[in-house]
Structures are given as C-alpha cells and as structure tokens.
$ cat start10.pdb   # PDB, C-alpha atoms, pLDDT in the B column
MODEL        1
ATOM      1  CA  MET A   1       4.321 -26.270 -15.938  1.00 49.00           C
ATOM      2  CA  GLU A   2       5.202 -22.582 -16.053  1.00 54.00           C
ATOM      3  CA  VAL A   3       7.802 -21.324 -13.590  1.00 46.00           C
ATOM      4  CA  PRO A   4       6.627 -18.221 -11.700  1.00 45.00           C
ATOM      5  CA  PRO A   5       8.866 -15.152 -12.017  1.00 55.00           C
ATOM      6  CA  ASP A   6      11.241 -14.395  -9.198  1.00 60.00           C
ATOM      7  CA  PRO A   7       9.671 -12.137  -6.580  1.00 68.00           C
ATOM      8  CA  ILE A   8      10.713  -8.507  -6.741  1.00 79.00           C
ATOM      9  CA  LEU A   9      13.410  -7.515  -4.293  1.00 90.00           C
ATOM     10  CA  TYR A  10      12.792  -4.076  -2.842  1.00 91.00           C
ATOM     11  CA  ARG A  11      15.747  -1.945  -1.819  1.00 92.00           C
ATOM     12  CA  PRO A  12      15.292  -0.316   1.604  1.00 96.00           C
ATOM     13  CA  ASN A  13      15.004   3.441   1.217  1.00 97.00           C
ATOM     14  CA  VAL A  14      14.319   6.456   3.424  1.00 98.00           C
ATOM     15  CA  ALA A  15      12.674   9.764   2.535  1.00 98.00           C
ATOM     16  CA  ALA A  16      12.481  13.027   4.491  1.00 98.00           C
ATOM     17  CA  ILE A  17       9.594  15.460   4.637  1.00 98.00           C
ATOM     18  CA  LEU A  18      11.086  18.556   6.237  1.00 98.00           C
ATOM     19  CA  GLN A  19       8.487  20.933   7.648  1.00 98.00           C
ATOM     20  CA  ARG A  20       8.948  24.508   8.812  1.00 98.00           C
ATOM     21  CA  PRO A  21       6.974  25.989  11.731  1.00 97.00           C
ATOM     22  CA  ASP A  22       4.623  27.654   9.204  1.00 98.00           C
ATOM     23  CA  GLY A  23       3.594  24.179   7.954  1.00 98.00           C
ATOM     24  CA  ARG A  24       5.349  24.417   4.597  1.00 98.00           C
ATOM     25  CA  ILE A  25       7.324  21.391   3.418  1.00 98.00           C
ATOM     26  CA  LEU A  26      10.534  21.209   1.421  1.00 98.00           C
ATOM     27  CA  ILE A  27      10.581  19.717  -2.055  1.00 98.00           C
ATOM     28  CA  ALA A  28      13.570  19.514  -4.357  1.00 97.00           C
ATOM     29  CA  GLU A  29      13.790  19.638  -8.147  1.00 97.00           C
ATOM     30  CA  ARG A  30      15.960  16.961  -9.774  1.00 95.00           C
ATOM     31  CA  LEU A  31      19.111  18.393 -11.330  1.00 94.00           C
ATOM     32  CA  ASN A  32      18.764  16.533 -14.628  1.00 91.00           C
ATOM     33  CA  VAL A  33      14.950  16.459 -14.926  1.00 91.00           C
ATOM     34  CA  ALA A  34      13.394  19.918 -15.008  1.00 92.00           C
ATOM     35  CA  GLY A  35       9.976  19.993 -13.351  1.00 94.00           C
ATOM     36  CA  ALA A  36      10.554  16.740 -11.419  1.00 95.00           C
ATOM     37  CA  TRP A  37      10.086  17.528  -7.720  1.00 97.00           C
ATOM     38  CA  GLN A  38      10.490  15.122  -4.829  1.00 97.00           C
ATOM     39  CA  PHE A  39      11.514  14.767  -1.214  1.00 97.00           C
ATOM     40  CA  PRO A  40      15.153  14.122  -0.323  1.00 97.00           C
ATOM     41  CA  GLN A  41      15.548  10.350  -0.235  1.00 96.00           C
ATOM     42  CA  GLY A  42      17.991   7.536  -0.714  1.00 95.00           C
ATOM     43  CA  GLY A  43      18.923   3.947  -0.152  1.00 95.00           C
ATOM     44  CA  VAL A  44      19.824   2.330   3.136  1.00 96.00           C
ATOM     45  CA  ASP A  45      23.376   0.953   3.068  1.00 94.00           C
ATOM     46  CA  GLN A  46      24.205  -2.574   4.223  1.00 92.00           C
ATOM     47  CA  GLY A  47      24.245  -2.697   8.046  1.00 95.00           C
ATOM     48  CA  GLU A  48      22.889   0.851   8.370  1.00 97.00           C
ATOM     49  CA  SER A  49      19.821   1.676  10.478  1.00 97.00           C
ATOM     50  CA  LEU A  50      16.940   3.606   8.925  1.00 98.00           C
ATOM     51  CA  ASP A  51      17.611   6.612  11.176  1.00 97.00           C
ATOM     52  CA  VAL A  52      21.301   6.709  10.303  1.00 97.00           C
ATOM     53  CA  ALA A  53      20.426   6.444   6.588  1.00 98.00           C
ATOM     54  CA  LEU A  54      17.958   9.333   6.932  1.00 98.00           C
ATOM     55  CA  PHE A  55      20.515  11.696   8.440  1.00 98.00           C
ATOM     56  CA  ARG A  56      23.244  10.594   6.003  1.00 97.00           C
ATOM     57  CA  GLU A  57      20.970  11.185   2.999  1.00 97.00           C
ATOM     58  CA  LEU A  58      19.894  14.629   4.252  1.00 97.00           C
ATOM     59  CA  GLU A  59      23.519  15.637   4.690  1.00 97.00           C
ATOM     60  CA  GLU A  60      24.583  14.214   1.310  1.00 96.00           C
ATOM     61  CA  GLU A  61      21.681  15.561  -0.754  1.00 96.00           C
ATOM     62  CA  ILE A  62      20.906  18.948   0.783  1.00 97.00           C
ATOM     63  CA  GLY A  63      23.707  19.590   3.295  1.00 97.00           C
ATOM     64  CA  VAL A  64      21.348  19.485   6.300  1.00 97.00           C
ATOM     65  CA  THR A  65      22.840  17.951   9.444  1.00 97.00           C
ATOM     66  CA  ALA A  66      21.010  15.885  12.064  1.00 97.00           C
ATOM     67  CA  ALA A  67      21.201  18.815  14.512  1.00 98.00           C
ATOM     68  CA  LEU A  68      18.796  20.761  12.261  1.00 98.00           C
ATOM     69  CA  VAL A  69      16.115  18.060  12.173  1.00 98.00           C
ATOM     70  CA  ALA A  70      13.667  16.709  14.770  1.00 98.00           C
ATOM     71  CA  VAL A  71      11.785  13.566  13.737  1.00 98.00           C
ATOM     72  CA  LYS A  72       8.035  13.821  14.461  1.00 98.00           C
ATOM     73  CA  GLN A  73       6.646  10.745  12.698  1.00 97.00           C
ATOM     74  CA  GLN A  74       7.939   7.708  10.861  1.00 98.00           C
ATOM     75  CA  ARG A  75       5.942   5.377   8.617  1.00 98.00           C
ATOM     76  CA  GLY A  76       7.142   2.587   6.396  1.00 97.00           C
ATOM     77  CA  GLY A  77       6.010   0.024   3.893  1.00 95.00           C
ATOM     78  CA  TYR A  78       5.620   2.371   0.901  1.00 97.00           C
ATOM     79  CA  ARG A  79       6.654   0.387  -2.178  1.00 94.00           C
ATOM     80  CA  TYR A  80       7.108   1.068  -5.836  1.00 92.00           C
ATOM     81  CA  SER A  81       8.527  -0.996  -8.676  1.00 89.00           C
ATOM     82  CA  PHE A  82      10.881   0.395 -11.274  1.00 88.00           C
ATOM     83  CA  PRO A  83       9.391   0.651 -14.772  1.00 86.00           C
ATOM     84  CA  LYS A  84      10.090  -1.723 -17.646  1.00 78.00           C
ATOM     85  CA  GLY A  85      11.731  -4.382 -15.482  1.00 73.00           C
ATOM     86  CA  ARG A  86      14.654  -2.083 -14.643  1.00 76.00           C
ATOM     87  CA  LEU A  87      16.919  -3.349 -11.883  1.00 76.00           C
ATOM     88  CA  LYS A  88      19.009  -1.239  -9.537  1.00 79.00           C
ATOM     89  CA  TYR A  89      22.387  -2.793  -8.750  1.00 70.00           C
ATOM     90  CA  GLY A  90      21.301  -5.754 -10.851  1.00 70.00           C
ATOM     91  CA  VAL A  91      18.952  -7.140  -8.177  1.00 80.00           C
ATOM     92  CA  TYR A  92      16.420  -4.604  -6.907  1.00 84.00           C
ATOM     93  CA  GLY A  93      13.197  -4.290  -8.910  1.00 87.00           C
ATOM     94  CA  GLY A  94      11.880  -1.466  -6.733  1.00 90.00           C
ATOM     95  CA  GLN A  95      12.199   0.338  -3.444  1.00 92.00           C
ATOM     96  CA  GLU A  96      10.481   0.049  -0.087  1.00 95.00           C
ATOM     97  CA  GLN A  97      10.463   3.436   1.563  1.00 97.00           C
ATOM     98  CA  THR A  98      10.224   4.614   5.121  1.00 98.00           C
ATOM     99  CA  TYR A  99       9.089   8.238   5.298  1.00 98.00           C
ATOM    100  CA  TYR A 100      10.006  10.613   8.097  1.00 98.00           C
ATOM    101  CA  LEU A 101       8.087  13.796   8.864  1.00 98.00           C
ATOM    102  CA  CYS A 102      10.575  16.131  10.534  1.00 98.00           C
ATOM    103  CA  ASP A 103      10.547  19.596  11.995  1.00 98.00           C
ATOM    104  CA  TYR A 104      13.192  21.657  10.215  1.00 98.00           C
ATOM    105  CA  LEU A 105      15.123  23.709  12.766  1.00 98.00           C
ATOM    106  CA  GLY A 106      17.485  25.459  10.362  1.00 97.00           C
ATOM    107  CA  THR A 107      17.261  28.300   7.888  1.00 97.00           C
ATOM    108  CA  ASP A 108      17.403  28.393   4.100  1.00 96.00           C
ATOM    109  CA  ALA A 109      21.091  29.289   4.413  1.00 97.00           C
ATOM    110  CA  ASP A 110      21.720  25.881   6.020  1.00 97.00           C
ATOM    111  CA  ILE A 111      20.577  24.089   2.849  1.00 97.00           C
ATOM    112  CA  ARG A 112      23.527  23.388   0.552  1.00 96.00           C
ATOM    113  CA  LEU A 113      22.669  21.511  -2.631  1.00 96.00           C
ATOM    114  CA  ASP A 114      26.337  21.160  -3.548  1.00 92.00           C
ATOM    115  CA  ALA A 115      27.427  19.713  -0.199  1.00 86.00           C
ATOM    116  CA  HIS A 116      28.431  16.482  -1.971  1.00 87.00           C
ATOM    117  CA  HIS A 117      27.482  15.202  -5.414  1.00 86.00           C
ATOM    118  CA  GLN A 118      24.702  17.586  -6.459  1.00 92.00           C
ATOM    119  CA  GLU A 119      21.366  15.871  -7.183  1.00 94.00           C
ATOM    120  CA  PHE A 120      18.981  18.820  -7.073  1.00 97.00           C
ATOM    121  CA  ARG A 121      18.843  22.094  -8.999  1.00 96.00           C
ATOM    122  CA  GLN A 122      16.741  23.956  -6.404  1.00 97.00           C
ATOM    123  CA  VAL A 123      14.424  23.561  -3.431  1.00 98.00           C
ATOM    124  CA  LYS A 124      11.236  25.313  -2.473  1.00 97.00           C
ATOM    125  CA  TRP A 125       8.830  25.357   0.432  1.00 98.00           C
ATOM    126  CA  ILE A 126       5.179  24.636  -0.332  1.00 98.00           C
ATOM    127  CA  LYS A 127       1.974  23.939   1.550  1.00 98.00           C
ATOM    128  CA  PRO A 128       1.295  20.178   1.472  1.00 98.00           C
ATOM    129  CA  GLU A 129      -1.925  20.712  -0.507  1.00 96.00           C
ATOM    130  CA  GLU A 130       0.068  22.475  -3.250  1.00 97.00           C
ATOM    131  CA  PHE A 131       1.989  19.327  -4.199  1.00 97.00           C
ATOM    132  CA  ASP A 132       1.199  18.255  -7.761  1.00 96.00           C
ATOM    133  CA  LEU A 133       1.391  14.537  -8.576  1.00 96.00           C
ATOM    134  CA  ASN A 134       2.449  15.449 -12.099  1.00 95.00           C
ATOM    135  CA  TRP A 135       5.834  16.357 -10.599  1.00 96.00           C
ATOM    136  CA  VAL A 136       6.670  12.682  -9.950  1.00 95.00           C
ATOM    137  CA  PRO A 137       7.026   9.788 -12.401  1.00 93.00           C
ATOM    138  CA  ARG A 138       3.981   7.575 -12.898  1.00 92.00           C
ATOM    139  CA  PHE A 139       5.553   4.638 -11.041  1.00 92.00           C
ATOM    140  CA  LYS A 140       5.895   6.746  -7.852  1.00 94.00           C
ATOM    141  CA  LYS A 141       2.441   8.404  -7.866  1.00 95.00           C
ATOM    142  CA  SER A 142       0.698   5.817  -5.663  1.00 95.00           C
ATOM    143  CA  VAL A 143       3.396   6.200  -2.996  1.00 96.00           C
ATOM    144  CA  TYR A 144       3.093   9.997  -2.990  1.00 97.00           C
ATOM    145  CA  ARG A 145      -0.710   9.713  -2.825  1.00 97.00           C
ATOM    146  CA  ALA A 146      -0.436   7.436   0.213  1.00 97.00           C
ATOM    147  CA  VAL A 147       2.216   9.582   1.916  1.00 98.00           C
ATOM    148  CA  PHE A 148       0.165  12.782   1.618  1.00 98.00           C
ATOM    149  CA  ALA A 149      -2.952  10.983   2.866  1.00 97.00           C
ATOM    150  CA  ASP A 150      -1.113   9.361   5.789  1.00 98.00           C
ATOM    151  CA  PHE A 151       0.917  12.359   6.964  1.00 98.00           C
ATOM    152  CA  PHE A 152      -1.374  15.266   6.064  1.00 97.00           C
ATOM    153  CA  GLY A 153      -4.838  13.760   5.534  1.00 97.00           C
ATOM    154  CA  ILE A 154      -5.082  15.233   2.051  1.00 95.00           C
ATOM    155  CA  GLU A 155      -5.707  13.826  -1.394  1.00 93.00           C
ATOM    156  CA  CYS A 156      -3.012  14.752  -3.897  1.00 87.00           C
ATOM    157  CA  LYS A 157      -4.200  15.705  -7.362  1.00 78.00           C
TER     158      LYS A 157
ENDMDL
END
$ encode --input "start10.pdb" --output "structure tokens"
Amino acid sequence: MEVPPDPILYRPNVAAILQRPDGRILIAERLNVAGAWQFPQGGVDQGESLDVALFRELEEEIGVTAALVAVKQQRGGYRYSFPKGRLKYGVYGGQEQTYYLCDYLGTDADIRLDAHHQEFRQVKWIKPEEFDLNWVPRFKKSVYRAVFADFFGIECK
C-alpha cells in the first residue's frame, strides 16, 4: 500500500491593494527581480491577527502607516503552492492569502521603500485593467486572476 504524501501546509499571508481616489492601484517591483510586480504582502506572525499583519506589512515594506489606509473589502482563501516542492521555514508548501482592498489616504511622499529592509525597487500606480499577468511568477498567476476578477470584475491577461 502506498502512503499518501503529507498535505501541504499553507502559511497565512496578507496582501494589500491600495487604491487612490482616481481608481489607480499601487504595484511594487521586486528589488532583486526586474520586471516582477506585485502587491505589498507578507506572512502573518504567530498570534497575530490578519488586520494587524496587514498594517505591519504595509509599514515594513512601503513605509505606509495604518492612519493612511482605510480598508474597503477583505477576501480570503487565495492559495498557491511553491514550485518544485520548495518549503518556507521547512514546513510551508505554499501560502493562503487574504487580500484587502484599501483606500489610500496618503501621498506619494508617504511611501518609503527603505523604511525597513528594502524589498522593492519602485512603485507605480496603474489602472486595474493594466495589470499584466506576465509580471508575476507562474505559480501565482491563478491567484492574481481570481483577485482581479473578485475585486474589480476584470479578466487579467
């Protein structure tokens, strides 16, 4: 009898879609991967609520404080597995993300990519329909497709 593989453990993760009043959303280019654009995101620490993780990640990654963000929507259950059996922290085979659509109340001057350990080279504001799935790795494409459909009612190409 063959033993089934262990089920994948998914690390809890939060992601922020910041939106300006003109409808444009913020995307950030990875520091070490030119042309790789994504939303600010990160793992939920042990004992931390999703909301607390969201605001911590925004402050750590782009220097934006909770006072500059108003949550409009929250949706969870977006999962992806890491490629080639890679494990994060030796146990997590993927991530389960909760996405937040937030009004951004600040200015571009409030965004500081070097607030902590810099992860992004630059940010830009785009219309949701301008997002290109080729900017994300293959293993994340289905999540981005679902997020753009769920939050904006559009099909990402």
$ residues_around --input "start10.pdb" --residues "Ile154 (chain A)" --least-positions-apart "3" --cutoff "12 Å" --atoms "all atoms listed in the file" --output "PyMOL selection string"
chain A and resi 127-131+144-151+157
$ closest_residue --input "start10.pdb" --among "A:Tyr89, A:Phe120, A:Phe39, A:Phe55" --to "Tyr10 (chain A)" --atoms "all atoms listed in the file"
A:Tyr89
$ axis_aligned_box --input "start10.pdb" --around "region 135-145 of chain A" --padding-each-side "3 Å" --output "AutoDock Vina command-line options"
--center_x 3.2 --center_y 10.5 --center_z -7.9 --size_x 13.7 --size_y 17.7 --size_z 16.1
$ atom_distance --input "start10.pdb" --atom1 "CA of Asn134 (chain A)" --atom2 "CA of Trp37 (chain A)"
9.0 Å
$ residues_near_point --input "start10.pdb" --point "(11.9, 16.2, 3.0)" --cutoff "12 Å" --atoms "all atoms listed in the file" --output "PyMOL selection string"
chain A and resi 14-20+24-29+37-42+54-55+57-59+61-62+64+69-71+98-104+111+123-126+128+147
$ residues_around --input "start10.pdb" --residues "Pro12 (chain A)" --least-positions-apart "5" --cutoff "12 Å" --atoms "only C-alpha atoms" --output "list in words"
Gln41, Gly42, Gly43, Val44, Asp45, Gln46, Gly47, Glu48, Ser49, Leu50, Ala53, Leu54, Gly76, Gly77, Tyr78, Arg79, Tyr80, Lys88, Tyr92, Gly93, Gly94, Gln95, Glu96, Gln97, Thr98 and Tyr99 of chain A
$ atom_distance --input "start10.pdb" --atom1 "CA of Leu31 (chain A)" --atom2 "CA of Gly106 (chain A)"
22.9 Å
$ atom_distance --input "start10.pdb" --atom1 "CA of Val91 (chain A)" --atom2 "CA of Leu9 (chain A)"
6.8 Å
$ closest_residue --input "start10.pdb" --among "A:Gln74, A:Asp22, A:Pro83, A:Glu60" --to "Gln118 (chain A)" --atoms "all atoms listed in the file"
A:Glu60
$ closest_residue --input "start10.pdb" --among "A:Phe152, A:Gln122, A:Ser142, A:Asp51" --to "Val33 (chain A)" --atoms "only C-alpha atoms"
A:Gln122
$ closest_residue --input "start10.pdb" --among "A:Ser81, A:Ala115, A:Ala36, A:Ala66" --to "Val52 (chain A)" --atoms "all atoms listed in the file"
A:Ala66
$ closest_residue --input "start10.pdb" --among "A:His116, A:Lys140, A:Arg11, A:Lys72" --to "Gly90 (chain A)" --atoms "all atoms listed in the file"
A:Arg11
$ build_atoms --input "start10.pdb" --residues "region 78-101 of chain A" --atoms "N, CA and C atoms" --output "PDB file, keeping the file's coordinate frame"
ATOM      1  N   TYR A  78       6.004   1.779   2.182  1.00 97.00           N
ATOM      2  CA  TYR A  78       5.620   2.371   0.901  1.00 97.00           C
ATOM      3  C   TYR A  78       6.505   1.757  -0.183  1.00 97.00           C
ATOM      4  N   ARG A  79       5.884   1.086  -1.144  1.00 94.00           N
ATOM      5  CA  ARG A  79       6.654   0.387  -2.178  1.00 94.00           C
ATOM      6  C   ARG A  79       6.310   0.866  -3.573  1.00 94.00           C
ATOM      7  N   TYR A  80       7.331   0.894  -4.400  1.00 92.00           N
ATOM      8  CA  TYR A  80       7.108   1.068  -5.836  1.00 92.00           C
ATOM      9  C   TYR A  80       8.101   0.202  -6.591  1.00 92.00           C
ATOM     10  N   SER A  81       7.677  -0.215  -7.780  1.00 89.00           N
ATOM     11  CA  SER A  81       8.527  -0.996  -8.676  1.00 89.00           C
ATOM     12  C   SER A  81       9.074  -0.085  -9.759  1.00 89.00           C
ATOM     13  N   PHE A  82      10.293  -0.364 -10.179  1.00 88.00           N
ATOM     14  CA  PHE A  82      10.881   0.395 -11.274  1.00 88.00           C
ATOM     15  C   PHE A  82      10.181   0.013 -12.572  1.00 88.00           C
ATOM     16  N   PRO A  83      10.081   0.948 -13.503  1.00 86.00           N
ATOM     17  CA  PRO A  83       9.391   0.651 -14.772  1.00 86.00           C
ATOM     18  C   PRO A  83      10.205  -0.259 -15.690  1.00 86.00           C
ATOM     19  N   LYS A  84       9.497  -0.935 -16.561  1.00 78.00           N
ATOM     20  CA  LYS A  84      10.090  -1.723 -17.646  1.00 78.00           C
ATOM     21  C   LYS A  84      11.084  -2.763 -17.161  1.00 78.00           C
ATOM     22  N   GLY A  85      10.857  -3.330 -15.983  1.00 73.00           N
ATOM     23  CA  GLY A  85      11.731  -4.382 -15.482  1.00 73.00           C
ATOM     24  C   GLY A  85      13.131  -3.937 -15.125  1.00 73.00           C
ATOM     25  N   ARG A  86      13.337  -2.612 -14.992  1.00 76.00           N
ATOM     26  CA  ARG A  86      14.654  -2.083 -14.643  1.00 76.00           C
ATOM     27  C   ARG A  86      15.104  -2.599 -13.282  1.00 76.00           C
ATOM     28  N   LEU A  87      16.362  -2.902 -13.154  1.00 76.00           N
ATOM     29  CA  LEU A  87      16.919  -3.349 -11.883  1.00 76.00           C
ATOM     30  C   LEU A  87      17.979  -2.361 -11.416  1.00 76.00           C
ATOM     31  N   LYS A  88      17.967  -2.084 -10.126  1.00 79.00           N
ATOM     32  CA  LYS A  88      19.009  -1.239  -9.537  1.00 79.00           C
ATOM     33  C   LYS A  88      20.039  -2.175  -8.915  1.00 79.00           C
ATOM     34  N   TYR A  89      21.291  -1.937  -9.210  1.00 70.00           N
ATOM     35  CA  TYR A  89      22.387  -2.793  -8.750  1.00 70.00           C
ATOM     36  C   TYR A  89      22.216  -4.239  -9.212  1.00 70.00           C
ATOM     37  N   GLY A  90      21.471  -4.424 -10.274  1.00 70.00           N
ATOM     38  CA  GLY A  90      21.301  -5.754 -10.851  1.00 70.00           C
ATOM     39  C   GLY A  90      20.378  -6.685 -10.110  1.00 70.00           C
ATOM     40  N   VAL A  91      19.812  -6.242  -8.966  1.00 80.00           N
ATOM     41  CA  VAL A  91      18.952  -7.140  -8.177  1.00 80.00           C
ATOM     42  C   VAL A  91      17.636  -6.526  -7.717  1.00 80.00           C
ATOM     43  N   TYR A  92      17.616  -5.229  -7.479  1.00 84.00           N
ATOM     44  CA  TYR A  92      16.420  -4.604  -6.907  1.00 84.00           C
ATOM     45  C   TYR A  92      15.458  -4.145  -8.002  1.00 84.00           C
ATOM     46  N   GLY A  93      14.225  -4.653  -7.942  1.00 87.00           N
ATOM     47  CA  GLY A  93      13.197  -4.290  -8.910  1.00 87.00           C
ATOM     48  C   GLY A  93      12.349  -3.125  -8.451  1.00 87.00           C
ATOM     49  N   GLY A  94      12.638  -2.590  -7.272  1.00 90.00           N
ATOM     50  CA  GLY A  94      11.880  -1.466  -6.733  1.00 90.00           C
ATOM     51  C   GLY A  94      12.476  -1.027  -5.412  1.00 90.00           C
ATOM     52  N   GLN A  95      11.742  -0.160  -4.739  1.00 92.00           N
ATOM     53  CA  GLN A  95      12.199   0.338  -3.444  1.00 92.00           C
ATOM     54  C   GLN A  95      11.064   0.269  -2.434  1.00 92.00           C
ATOM     55  N   GLU A  96      11.424  -0.017  -1.202  1.00 95.00           N
ATOM     56  CA  GLU A  96      10.481   0.049  -0.087  1.00 95.00           C
ATOM     57  C   GLU A  96      10.945   1.191   0.794  1.00 95.00           C
ATOM     58  N   GLN A  97      10.079   2.201   0.898  1.00 97.00           N
ATOM     59  CA  GLN A  97      10.463   3.436   1.563  1.00 97.00           C
ATOM     60  C   GLN A  97       9.875   3.573   2.960  1.00 97.00           C
ATOM     61  N   THR A  98      10.682   4.153   3.815  1.00 98.00           N
ATOM     62  CA  THR A  98      10.224   4.614   5.121  1.00 98.00           C
ATOM     63  C   THR A  98      10.296   6.135   5.070  1.00 98.00           C
ATOM     64  N   TYR A  99       9.167   6.776   5.326  1.00 98.00           N
ATOM     65  CA  TYR A  99       9.089   8.238   5.298  1.00 98.00           C
ATOM     66  C   TYR A  99       9.173   8.791   6.710  1.00 98.00           C
ATOM     67  N   TYR A 100       9.865   9.898   6.834  1.00 98.00           N
ATOM     68  CA  TYR A 100      10.006  10.613   8.097  1.00 98.00           C
ATOM     69  C   TYR A 100       9.443  12.016   7.921  1.00 98.00           C
ATOM     70  N   LEU A 101       8.537  12.412   8.797  1.00 98.00           N
ATOM     71  CA  LEU A 101       8.087  13.796   8.864  1.00 98.00           C
ATOM     72  C   LEU A 101       8.909  14.448   9.966  1.00 98.00           C
TER      73      LEU A 101
END
